[in-house]
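Notes follow once the structure below has been shown.
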Amino acid sequence: MDKLRNVLNGKENDGGEAGLVTAVTGGSDSCCPSLSWETRIKGFIACCGLGILLSIIGSITLFFGGLVSFALLYSFGTLTALSSTLFLRGPVSQMKSMFKETRIFATIIMLLMIVLTLCSAFWWKNAGLCLLFCILQFVAFAWYSISYIPFARDAVKKCFSSCLS
């Protein structure tokens with residue numbers, strides 16, 4: 001637990017090797033010096049839980065015919081869950097990480113799908129497009145999320161290629 005705390009705080013590990021710390025934190029200094037470790041974990045859990053709850057409530061409203069409320073709640077839930085990591089890494093470090101070469105494509109697609117989900121509900125009023133963009137939003141968010149797990153994208157690619165072969 002102390003090693004994880006040190007990595008998220010941007011501190012060096014016991015051996016003085018900065019490789020893992022730099023890879024995880026993006027080389028930044030302390031991410032949230034004014035917040036304690038426990039406060040950051042509580043903020044992360046609360047924000048992530050709220051984001052998931054909003055997405056679930058949004059999905060439930062879809063069955064009651066509320067296309068606009070579905071799109072709004074689901075998209076806001078995705079953004080809230082995404083912003084939960086700001087508690088762990090800090091805003092600057094997280095933004096730098098989001099737009100690194102390895103995840104910029106997933107980040108842009110995810111944000112684009114959020115915008116298109118809202119456009120299809122508010123202006124185009126097309127339920128089919130809204131649902132399609134919401135599904136693509138979920139897939140892009142999942143792809144973005146697994147980019148933080150070493151070799152996870154490669155494992156998912158191999159799994160899908162073996163299923164299709």
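Each chain in the structure tokens gets a letter, A, B, ..., in the order shown, and its residues are numbered from 1; ligands are numbered from 1 in order too.
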request  = Find the residues around region 114-118 of chain A up to 6 Å (only C-alpha atoms counted), leave out those fewer than 6 positions away in its own chain, and share them as a PyMOL selection string.
outcome  = chain A and resi 71+75+130+133-134
task = Identify which of the residues A:Ser93, A:Ser69, A:Thr80, A:Thr85 lies closest to Arg40 (chain A), counting only C-alpha atoms when measuring atom-to-atom distances.
result = A:Thr85
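Of note, CA of Phe44 (chain A) and CA of Val92 (chain A) are spaced 16.1 Å apart.
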key: Interatomic distance, CA of Ile45 (chain A) to CA of Ala106 (chain A) (Å, one decimal)   =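 Taking CA of Ile45 (chain A) and CA of Ala106 (chain A), their separation equals 23.1 Å.
Of note, CA of Phe99 (chain A) and CA of Lys158 (chain A) are spaced 24.8 Å apart.
Those residues that approach Trp143 (chain A) to within 9 Å, counting only C-alpha atoms, are Arg103, Ala106, Phe138, Val139, Ala140, Ile146, Ser147 and Arg153 of chain A; same-chain residues fewer than 3 positions away are not listed.
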For region 126-128 of chain A, work out the shell of residues within 10 Å, counting only C-alpha atoms and skipping chain neighbours fewer than 3 positions away, then give it as a PDB file with C-alpha atoms, in the first residue's frame.
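So the final result, stored in part-v4.pdb, reads:
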ATOM      1  CA  LEU A  62     -34.090   5.667 -21.480  1.00  0.00           C
ATOM      2  CA  GLY A  65     -38.804   7.627 -22.934  1.00  0.00           C
ATOM      3  CA  GLY A  66     -36.551  10.396 -21.657  1.00  0.00           C
ATOM      4  CA  LEU A  67     -34.021  10.671 -24.472  1.00  0.00           C
ATOM      5  CA  VAL A  68     -32.630  14.045 -23.380  1.00  0.00           C
ATOM      6  CA  ALA A  71     -28.076  11.487 -22.874  1.00  0.00           C
ATOM      7  CA  THR A 117     -24.515  11.768 -27.820  1.00  0.00           C
ATOM      8  CA  CYS A 119     -26.184  16.539 -30.076  1.00  0.00           C
ATOM      9  CA  SER A 120     -28.263  13.535 -31.140  1.00  0.00           C
ATOM     10  CA  ALA A 121     -30.538  13.989 -28.120  1.00  0.00           C
ATOM     11  CA  PHE A 122     -30.860  17.790 -27.972  1.00  0.00           C
ATOM     12  CA  TRP A 123     -30.782  18.912 -31.607  1.00  0.00           C
ATOM     13  CA  LEU A 131     -27.940   5.046 -28.374  1.00  0.00           C
ATOM     14  CA  LEU A 132     -25.238   4.283 -30.949  1.00  0.00           C
ATOM     15  CA  PHE A 133     -23.090   7.207 -29.779  1.00  0.00           C
ATOM     16  CA  CYS A 134     -23.654   6.185 -26.160  1.00  0.00           C
TER      17      CYS A 134
END
